[in-house]
Every structure is written in C-alpha cells, then in structure tokens.
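Undergrad: The following block contains the structure, expressed as structure tokens.
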Number of protein chains: 2
Amino acid sequence: MQGAAEKMAAQQRSISVSEFFAKNRHLLGFDNKRKALLTAVKEAVDNSLDACEEAGILPELHIAIEQTGTDRWRVTVRDNGPGVPKSKVPSVFGRLLYGSKFHRLKMSRGQQGIGISAAGMYGLLTTGQPVRVMSRVVGSQACDLRLAIDTNANRPEVVSDEVVSVPWPHGTEVSIELEGAYARGRQSVDEYVELTSIANPHAEIHYRPPSGPVTFRRAVEELPAEAREIRPHPHGVELGTMLKMVKETRAKKVAAFLTTEFCRVSESTAAAICRSAGVSKSASTRSLKPDSAESLYRALQNAKLMAPPKNCLSPIGAEALLAGMLEGVRAEFYTATVRPPSVYRGNPFQIEVALAWGGEVGRGEDEHARLIRFANRVPLLYQPGSCCMHRAVADVRWNNYGLSQSKASLPRGPLVVLVHLASVWVPYTSEGKESIADYDEIRKEMRLALNECGRRLGMLLRRKKKRASQRKRRDVFGRYIGEVVDALASMADVNAEELRENLEAMARQHTARADEEYDDHGRVMKSPNMPNTVVVDREEE
Amino acid sequence: MQGAAEKMAAQQRSISVSEFFAKNRHLLGFDNKRKALLTAVKEAVDNSLDACEEAGILPELHIAIEQTGTDRWRVTVRDNGPGVPKSKVPSVFGRLLYGSKFHRLKMSRGQQGIGISAAGMYGLLTTGQPVRVMSRVVGSQACDLRLAIDTNANRPEVVSDEVVSVPWPHGTEVSIELEGAYARGRQSVDEYVELTSIANPHAEIHYRPPSGPVTFRRAVEELPAEAREIRPHPHGVELGTMLKMVKETRAKKVAAFLTTEFCRVSESTAAAICRSAGVSKSASTRSLKPDSAESLYRALQNAKLMAPPKNCLSPIGAEALLAGMLEGVRAEFYTATVRPPSVYRGNPFQIEVALAWGGEVGRGEDEHARLIRFANRVPLLYQPGSCCMHRAVADVRWNNYGLSQSKASLPRGPLVVLVHLASVWVPYTSEGKESIADYDEIRKEMRLALNECGRRLGMLLRRKKKRASQRKRRDVFGRYIGEVVDALASMADVNAEELRENLEAMARQHTARADEEYDDHGRVMKSPNMPNTVVVDREEE
C-alpha cells in the first residue's frame, strides 16, 4: 500500500494534444475511410476560402482526388490566396491548436486551429507520408515543404525544404496522402464540393474526382461583405474569464478596462457600472481585489447594454442562396428568408433558410424532405440526428403548411430545406464540426425563419388546391353548357351562339383561378403565355 | 495584397489545450448547469474508484453536494485511495491532458487525462474559485492545496499550500465550486450515484445531496479481478504508428522490436514476418529504410496472429450485475449474460447484458423500455441517441420475444435493459464520455448478448401465456364438472364423489401448467407454496 501512491504517481505524465487526437481521431471526423477523405478535403477547402476572403481575393480553387493504391488516396487543394510565408508554413500545417482564428470573434470557416494539421497527421499515421505544402507569396518564389508531425511534442518536423517555380502568382497548395475510400452519392466529397459551390457562389471551383473533371463556375462576381472582428460582449463572458481579462489587460484603470476590452460599454456606462459595483472607476486593474472583481462582474451582468454589433456577420443572402440552389435543382417553387441577427451567450449569429419544392426535386410524396445544413458557408454532411438544425426543422408543424409529417421527424414530400447559421463562433458538437449544439436562442431563430418560408409554401399549396378544384368545376360546366344551350334554344327564341358565349364567359369568370400560373416564387402570373410577367402578388387569403 | 500574407501570418499563434476546452467546454460535458454538476461529480468519482482499485483497496467514497449561492454549488468527493504525493497534485488536478491512463492499454474509467482538471477549470471559469485538493499518502501528513489553471499555458498555479491533519489515514479529497443546478430524476447526480453503486457493488458510497444523506452499502466484499495492462496488438496498429514505434523502441534489431513492442508476436512469428517482408530479422531498427518498414508493416498485417489476450478485462459479472440491480428494482424476471471477450481495432473488449422485466419495473406496456448504459463500470447518462448501445437494442427484433416494438426504436413494456462495455480503450464519441462510437464488432457482440437474454425472456412470456390459457380452461372445466357429475349420477349408478374427484384430477392434469410458478430467473418452481425451490428448468419448448 505504502508504495502504491508513489508507484502510481510515477506513471503520471503529460499527453500531447496530437497524441490525444491521434488516438481519438474519430473526434476530428476521421472515423472511417470514406469520411476521412471528405474531412481532409473539407479542412483544406475551408482554409483556402478563408484565406482568399480575408485577403480580399475572389477565390479560385483546384481540388483533386487521385488514387495511389488500395484504399490510398492523394488529396490536393490549391487556392489563389495570398500564400503563407515560409516561416509560418510548418506551424500552420504541422501543429495542432495553432492558428489565427481561435482568439478572435470573427465569422470564418475555421475556428479551432486543428483541422488541416489533423488531416496531415491522419495521412502520416495511415500512410507514413508527410504532408506537402507549396506556398507562394506575391513577389517571391514558392516554397515546397514536406512536413511530418512529431506527435509526442505536437511539433512540425520539416522533412524536406525546397524553392520551386510555379506558374501561379500567389496561393497555397496542400497535398495529403491518406487511407481513404471514394464513393459518390450522399455524404461524398462530390456532394460536399457541390454544396460548397452553392454556398459560395463567389468561388470558382475546379474539381477533379476520379470520375472526370468538373468546374463549378463563379455565379457572383463579388466577394461577400467582409466579416468584421468584434470584442466580446460583457453578457457572454463568465466570471473566471473576466478575472483573466483583468489580469491580462493593458488598461490601467477599471473604467478603461471595461471600455477597451468589451464591446457596447461606453465611458458613461462604465462609470455607472463601477458606481453600482462600489468600485472606483479609476481603481487600478492590477490591484483589484477578488471581492471587488466579483461585484464588478455582477454589475456588468446586470447592466443594460446594447446587443453586440451585428455587422460582423456576412450571411450568404437569401437570393444568392436561391441562385446557388437553382444551379443544381429545378424546383417548381422557391422561397428564402434571412432573419435579422441575434445573440446567444454574447455571440452574434444569424439564420437563413431557403426552401425548394416540387418540380425536379426528386423525392416522392412519401420520402422525407432533404435537409441541407450550412454553418459559416460550410456544408455539414454528418450527424444530422444530433444537430440543432435537424431538431428545428422536425419541430415545425408542417401539417399546417400542407405537408404530411410524423411526430418529431422531417416533413414528407418533394422538398429541400436549406438552413444556414452564420456566427462569430459556431457551437459545434465536436471538433469534427459536423453538427450544431442545441442552444435555445439559435433554435428559436431557425423556427421563425422556417415558419416564414413554410407559410409561403402553404399559400402556394392552397392556391394549387383551389386551382385544381376550379379546373374540375370548369370541366363540368364545359360538359353541360352545350346541352343547356341546345335545350334553351329549342324552348325559346334565343341566339344560341350568343348564349353559349355568355355562359362560357360566366364559367370562365367563376373558375378564373383555373387559369392561374405561378412563377417560381409562387406568385400569380397574369397569363400562362407571358411567363415571368408577374402582375399580382396576392397576399395570404 | 502584398501585405496580406504577412499581416495574416502575424496573427497565427498557438492555442493552449486549456484555452481550447475552456471555449469548447460543451465538448467535455459542461454544456449546461445541470449537466456541469453531474460531470464534475462523475470525473471525481471515476478517478477515486480507479485509484482505489489500482492500489488494491476496497473503495469507500464520500460524495457531497452543497449549495453556496444562486446556481452555485460545491462538489466534494473523498476516497480512501492511496493518495497522490504532493509533488504530483498540481499537475494531476490542474493541467489538461496529464495522467497515467492514456499511454497504456488497460481497462480503467478514466483514459484521457482531462476530466478532473477540466472540472476544476470549469469551476474556476464560472465562479473564480480555485480547486481544493487534500491528499494523504500513508505515513505522511496530508497536504492541502488550492489550485488554479493558467489556461494560456495549460499549467497549474498553486494558490495556497498547507499541511493539515485529517482523521483519515490515506486518500484524496477534491472540492470544486462551480456554477451548476441540482435537480432530481433522470440524468441527475442522484441517478448517477445509484447506478455507480450498482455497477460497483464492491464500493461503499456515502452520498450527501441537498435532500439528505444516503449510504449505498457494499454488496460484495471483493475487489473485481485486477485489470491487466497489455501491449498493442499488431492488427490494431497503423503504418504511421508503427513507424513511430520503430523510432522510439529500445530494441536494436527488427525481430526484437516485433517481439517486445507487440503482444502475440513470438520469436518464430517475428522471424517469419521478417522473412515474408524481405527484411533481415537482425536488421537494425535505427537504419530501417521507409520501404522496408512498409513491407514489414504489410507482412505484420497479413500474418496470422492470435487475438490479443483477454484476461486484461474485468467484467462486472452477470450475477453481480443482477444483484446490484435487485437493490433498486424489484422485477418479476431477471436474466443476464456475459459474452466472451472479443476485439475491435486491436483492442480487447467484452459485453455484458442484463434484463429485468415486470413486477415493480414501473413502466406500462406502452412505455419504451429503459436502457441503462455502462462503459468500464461508468454509467452513461447523456446522448443515448448517438450511442452504439442504443442502436444495438433498437436493432434487436423484440417482437420475436413477445414484446411490441416500432421500427428502429426501443421495445415497449415493463423492461429495463442494462448493457456494459468493458475495454482497454472505450471509443467514446466525445471527450465528455457520454456515448460509444459505432463499431461493427462492438455492436455485433451486443446483439448476440441481447438476443440471448431476449430468448430467455421470450420463453418466460410464452410460458405465462400458456399458463393463462390453461387457467382459463381449468375454470371452464371447473364450471362444468359439477353439472356433468350430477347428470351422470342421475343416469347411472356411479359414485358421484369419486367421479368428481377423478374428473377434477384429470382437469388438473390437463391444465397442469396453470399451477406453474416461476422464480425470478423464469424457471418453473414445483409448488407455489415452496418458493425458491427450483425443481425443473425446462429448456425452450
């Protein structure tokens, strides 16, 4: 017994984060071969798009997937971004938890500093091959590095280092060889690339899968509005975090600390907060006592503050979203809605929803609707069941909008639902970034957007029902008008032709809706011979 | 543009693992207040039980939950383990990814070196209060440390450090103040403690929730068989991992590397593997070329090897499991099964299943069965929907065993299903250790165990059905025997009394099963007046 404590203590040691994720790589999305291939592509593409946008460049991506052996693939992704200076390449691509996006509050695809290095580590683990990174910054030669990760220390190891000449003026190319499996269809790389192009109509994507090259042309010639970085909002910060901020701030006085480290705290607000906390506003941050810090925290939480700024988000935009969707799917009806930005735990976020119904939307009446999920323009392909978006769609009472639905599941019918969450910090349920955690505030916004789109679909479905019934009535009229005219003509002295015309006109008038045609937003067009000429947009009857 | 690359590169920096988990603390099970309280208790209890068992001590735990303010609670867990030497206390309790269990293959509750430090970090973040650890190693005084975590560096900060005298001879007491919420019922700390005592009948647990103290007495006076550590099995190792092992091994020659670093590789097997790889068995590990290493890997994967040793696992044992369950629930029928050990990705694992049906198992015919999940004796209370165990139970065709069930969901009826997975490495779907990843090998073993238990339940339900029908028949006989006897007596010269007795005996004989009584294993007992006297155990008819 006496030895036990010492013996056990001697076995205690530290675990590097790369060892941890190497052993738990399913947490990062590398659970099986097919998903591993997708995850590697996804991490590289996310990084490329982020880099281009941050540098103000319209993205052009080259994605290639080549087979190099049984269950062995090489993934190569090249962008026209600004490039990564050589000195930073090893850490950015060969070290887990290293990046530029974790410490700021700004909408971006990556946020953890794990993804691309983890993909490289997975490749190294399964094939023994290092990651190859070529990168060129404008005005200099391209570097060509091969990197391994020393998992014991979570450090990059430069295996080879050369200068190469490349035909592109700037950008980065990452190439990873890994154990994987390529298959088409749902949850495939193909689907991911297609959805990425829909959510990023400003990107041109050259995709080279084994089945032959495809190019997804740029549909919009403008970059999305630049996402801005914000400071944390006081109501999203916890006591311990504030204590840490007090310790680390450059501000010398408490009031200055409040105004410079947080958003939405003006000088007068700061003064009021200090007053209510019983702390002098010129008290030194260095010598703030724990008790005072805690009252300051309480006062900060109780203060009425404006919600965080929301111009930090860059939604896809309902129209662009629809335009993107039209590229792939021809539906009978489209609708989209963008909610105003909102806040969860101090983090601004915004929800967009789009629906496509009928037409070529291929599923039968009995199939469940298809749900397409995006977060910060990144398609989410796995774990729908544990995703807040899935729950939000299942919670809508689609029966009210003319669709059938079993309890707590997706509605049935020829329907595609697209949900996009844009946020400065997306609360993923795992490092693999596959689904969104269930925050009430986020689900509520989804519900409102889904209801709005659902109402519009419901209106169309009711109109179509009415049109169908009026068409039936007109058929009945048509069948009997001839007989009625003949009967009247034989009984009295009437102009049979005139009577027929009058009766037919009346029938047309009484069944006017039988002639209705709708544009792809469900609006009534005047004449079926003049498509796209929208005349009336009747509101909900 | 030219500045973009440099500007963006300048923002790249490393992220400490504690910063990462502080921001993503929902990954660790701290998503909401109620779950946070549970997770903190769970991590401390897991550690305590592991420590006691490893030191060969029958565990005695004191768990207290006290309210210290609005939404503020103090969790205190004390064990009678060997104690942690003072020098190790800061790292063990104040540093993420530090521990003794990650680098070995051995069945234990903890495995990642994150849990207890993460709980302390959460407490610090939400209340600003450091963790308090008192620990006493036999023969020395107890230390009393207060620890904070420097999240920027993932390092413990010793806030205070004293020597105290405590009335217990050895053990560790951890105390964490945190933002939490206490509520009873499902997924509560109460449920967790109760289930922990069921799965650990060798532990005595003194539990002090706000509603008043409870003691869960030890039901078994023996420690479970000690779990053994094993070396990795070659078939569970990937190329990159083997390359790393080659680099780090102390073995100088390839053959020695194979026999010392892996299990199930004898000297002759190693020689054969080297031969088939075209590598000399006395080749130096230091100078092994990448090509040779890869052929060695292929040969190793193709070699026929014994499955990994399985005496490294310590299942709860079906009888003990049942005994534990009997403490809480009085059912009409119990059954349990323990599968032989099996292997997934080189890791030995073993499945146990127990069922309790009817009696006080409170749910009605229409309610779904209750599924109780354990991994390495730890109850899993959250995320059942994403757990392999849930899927395995839902996949069983319970209709065959006399229960009703909708497609792909749990069966209905007064049923509790308990599933336990024991493994040297439990594949959790998240760091929060809430559910098990979906490995085919694991799900298959669960299915076999569930089917076996299901068949036994089905047998009982069929017996009960037959008994009910024979009771009905006997009632009918009973009703008519009197009339028949009277009728016959009036027609012929018979001894009415004798006739009645004969007929009644015949009826009893023909409906013998109406008298059947079953013990709580579904076995037929001879007489209802002599319970527990099992005479016949008829096999499946």
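We name chains A, B, ... following the order of the structure tokens; residues begin at 1 in each chain, and ligands are numbered from 1 as shown.
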Please return, as a ChimeraX atom specification, all residues of chain B lying within 8 Å of chain A when only C-alpha atoms are considered.

TA: /B:1-2,4-6,8-9,11-17,20,24,26-27,55-56,82-85,88,92,97-102,112-113,124-128,137-139,238-241,243,385-386,427,429-430

Undergrad: Show me, as a PyMOL selection string, the residues that have an atom within 8 Å of B:Val41 when counting only C-alpha atoms, minus same-chain residues fewer than 6 positions from it.

TA: chain B and resi 63+75-77+189

Undergrad: Hey, what does DSSP flag as helix (DSSP H, G or I) within stretch 114-166 of chain B? Can you give it to me as a list in words?

TA: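 Across stretch 114-166 of chain B, those assigned helix (DSSP H, G or I) are Gly115, Ile116, Ser117, Ala118, Ala119, Gly120, Met121, Tyr122, Gly123, Leu124, Leu125, Thr126 and Thr127 of chain B.
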
Undergrad: Using DSSP secondary structure from the backbone, list all strand (DSSP E or B) positions within stretch 132-216 of chain B, as an NGL selection string.

TA: :B and (132-136 or 142-150 or 155-164 or 171-179 or 204-208 or 214-216)

Undergrad: Write out the residues from the selection above, keeping N, CA and C atoms, as a compact mmCIF listing (two decimals), in the first residue's frame.

TA:
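Output file out-v9.txt is given in full below:
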# COMPACT_ATOMS: atom_id res chain seq x y z
N ARG B 132 -9.82 22.84 -4.59
CA ARG B 132 -9.10 22.49 -3.37
C ARG B 132 -8.85 20.99 -3.36
N VAL B 133 -7.61 20.61 -3.15
CA VAL B 133 -7.26 19.19 -3.10
C VAL B 133 -6.53 18.90 -1.80
N MET B 134 -7.08 17.97 -1.02
CA MET B 134 -6.36 17.48 0.16
C MET B 134 -6.00 16.03 -0.16
N SER B 135 -4.75 15.68 0.10
CA SER B 135 -4.38 14.30 -0.20
C SER B 135 -3.41 13.80 0.85
N ARG B 136 -3.58 12.55 1.23
CA ARG B 136 -2.71 11.98 2.24
C ARG B 136 -2.22 10.62 1.79
N ALA B 142 -1.23 15.11 5.58
CA ALA B 142 -1.99 15.46 4.38
C ALA B 142 -1.56 16.83 3.88
N CYS B 143 -1.52 17.00 2.56
CA CYS B 143 -1.30 18.33 2.01
C CYS B 143 -2.66 18.93 1.68
N ASP B 144 -2.74 20.21 1.60
CA ASP B 144 -3.99 20.92 1.32
C ASP B 144 -3.66 22.03 0.33
N LEU B 145 -3.93 21.79 -0.93
CA LEU B 145 -3.55 22.75 -1.97
C LEU B 145 -4.79 23.39 -2.59
N ARG B 146 -4.66 24.67 -2.93
CA ARG B 146 -5.67 25.31 -3.76
C ARG B 146 -5.02 25.61 -5.10
N LEU B 147 -5.69 25.19 -6.17
CA LEU B 147 -5.07 25.25 -7.49
C LEU B 147 -5.92 26.02 -8.48
N ALA B 148 -5.26 26.86 -9.26
CA ALA B 148 -5.92 27.47 -10.41
C ALA B 148 -5.23 26.93 -11.66
N ILE B 149 -5.88 27.09 -12.82
CA ILE B 149 -5.21 26.70 -14.07
C ILE B 149 -4.89 27.97 -14.83
N ASP B 150 -3.65 28.11 -15.22
CA ASP B 150 -3.30 29.18 -16.15
C ASP B 150 -3.68 28.67 -17.54
N ARG B 155 -1.08 25.30 -17.40
CA ARG B 155 -0.20 24.98 -16.27
C ARG B 155 -0.96 25.22 -14.97
N PRO B 156 -0.71 24.39 -13.96
CA PRO B 156 -1.34 24.66 -12.67
C PRO B 156 -0.67 25.83 -11.97
N GLU B 157 -1.48 26.61 -11.24
CA GLU B 157 -0.95 27.68 -10.39
C GLU B 157 -1.31 27.33 -8.97
N VAL B 158 -0.33 27.17 -8.10
CA VAL B 158 -0.64 26.84 -6.71
C VAL B 158 -0.98 28.13 -5.98
N VAL B 159 -2.23 28.25 -5.58
CA VAL B 159 -2.70 29.48 -4.94
C VAL B 159 -2.36 29.45 -3.45
N SER B 160 -2.53 28.28 -2.83
CA SER B 160 -2.12 28.16 -1.43
C SER B 160 -1.69 26.72 -1.19
N ASP B 161 -0.89 26.52 -0.17
CA ASP B 161 -0.24 25.23 0.02
C ASP B 161 0.00 25.05 1.52
N GLU B 162 -0.75 24.14 2.14
CA GLU B 162 -0.60 23.96 3.59
C GLU B 162 -0.49 22.48 3.93
N VAL B 163 -0.03 22.24 5.17
CA VAL B 163 -0.07 20.89 5.71
C VAL B 163 -1.21 20.86 6.71
N VAL B 164 -2.08 19.87 6.61
CA VAL B 164 -3.21 19.80 7.54
C VAL B 164 -3.26 18.42 8.17
N GLY B 171 -5.85 8.80 1.35
CA GLY B 171 -6.93 9.12 0.43
C GLY B 171 -6.79 10.53 -0.12
N THR B 172 -7.77 10.89 -0.93
CA THR B 172 -7.74 12.19 -1.59
C THR B 172 -9.14 12.81 -1.51
N GLU B 173 -9.18 14.11 -1.25
CA GLU B 173 -10.46 14.81 -1.26
C GLU B 173 -10.35 15.98 -2.22
N VAL B 174 -11.23 16.02 -3.20
CA VAL B 174 -11.26 17.12 -4.16
C VAL B 174 -12.52 17.92 -3.92
N SER B 175 -12.40 19.24 -3.99
CA SER B 175 -13.56 20.08 -3.75
C SER B 175 -13.57 21.18 -4.80
N ILE B 176 -14.68 21.28 -5.53
CA ILE B 176 -14.78 22.24 -6.63
C ILE B 176 -16.06 23.06 -6.45
N GLU B 177 -15.92 24.37 -6.53
CA GLU B 177 -17.11 25.23 -6.50
C GLU B 177 -17.40 25.63 -7.92
N LEU B 178 -18.65 25.49 -8.33
CA LEU B 178 -18.95 25.73 -9.74
C LEU B 178 -20.37 26.23 -9.93
N GLU B 179 -20.61 26.79 -11.10
CA GLU B 179 -21.96 27.18 -11.47
C GLU B 179 -22.67 25.91 -11.90
N GLU B 204 -18.39 1.21 -1.28
CA GLU B 204 -19.34 1.77 -0.31
C GLU B 204 -19.39 3.26 -0.59
N ILE B 205 -20.59 3.79 -0.80
CA ILE B 205 -20.70 5.20 -1.18
C ILE B 205 -21.59 5.95 -0.21
N HIS B 206 -21.03 6.96 0.43
CA HIS B 206 -21.80 7.83 1.30
C HIS B 206 -22.11 9.08 0.51
N TYR B 207 -23.39 9.28 0.27
CA TYR B 207 -23.80 10.34 -0.64
C TYR B 207 -24.59 11.39 0.13
N ARG B 208 -24.20 12.65 0.02
CA ARG B 208 -24.87 13.69 0.76
C ARG B 208 -25.38 14.77 -0.20
N VAL B 214 -27.57 9.59 2.12
CA VAL B 214 -27.91 8.20 1.79
C VAL B 214 -26.60 7.42 1.78
N THR B 215 -26.65 6.16 2.22
CA THR B 215 -25.46 5.34 2.06
C THR B 215 -25.77 4.14 1.19
N PHE B 216 -24.96 3.95 0.17
CA PHE B 216 -25.07 2.76 -0.65
C PHE B 216 -24.05 1.77 -0.13

Undergrad: Quick one, how far is atom CA of A:Gly346 from atom CA of A:Thr249?

TA: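 Value for the atom CA of A:Gly346-atom CA of A:Thr249 distance: 19.7 Å.
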
Undergrad: Residues near A:Glu261, anyone? I mean within 10 Å using only C-alpha atoms, not counting same-chain ones fewer than 5 positions away, as an MDAnalysis selection string.

TA: chainID A and resid 231:234 242 245:246 249:251 256
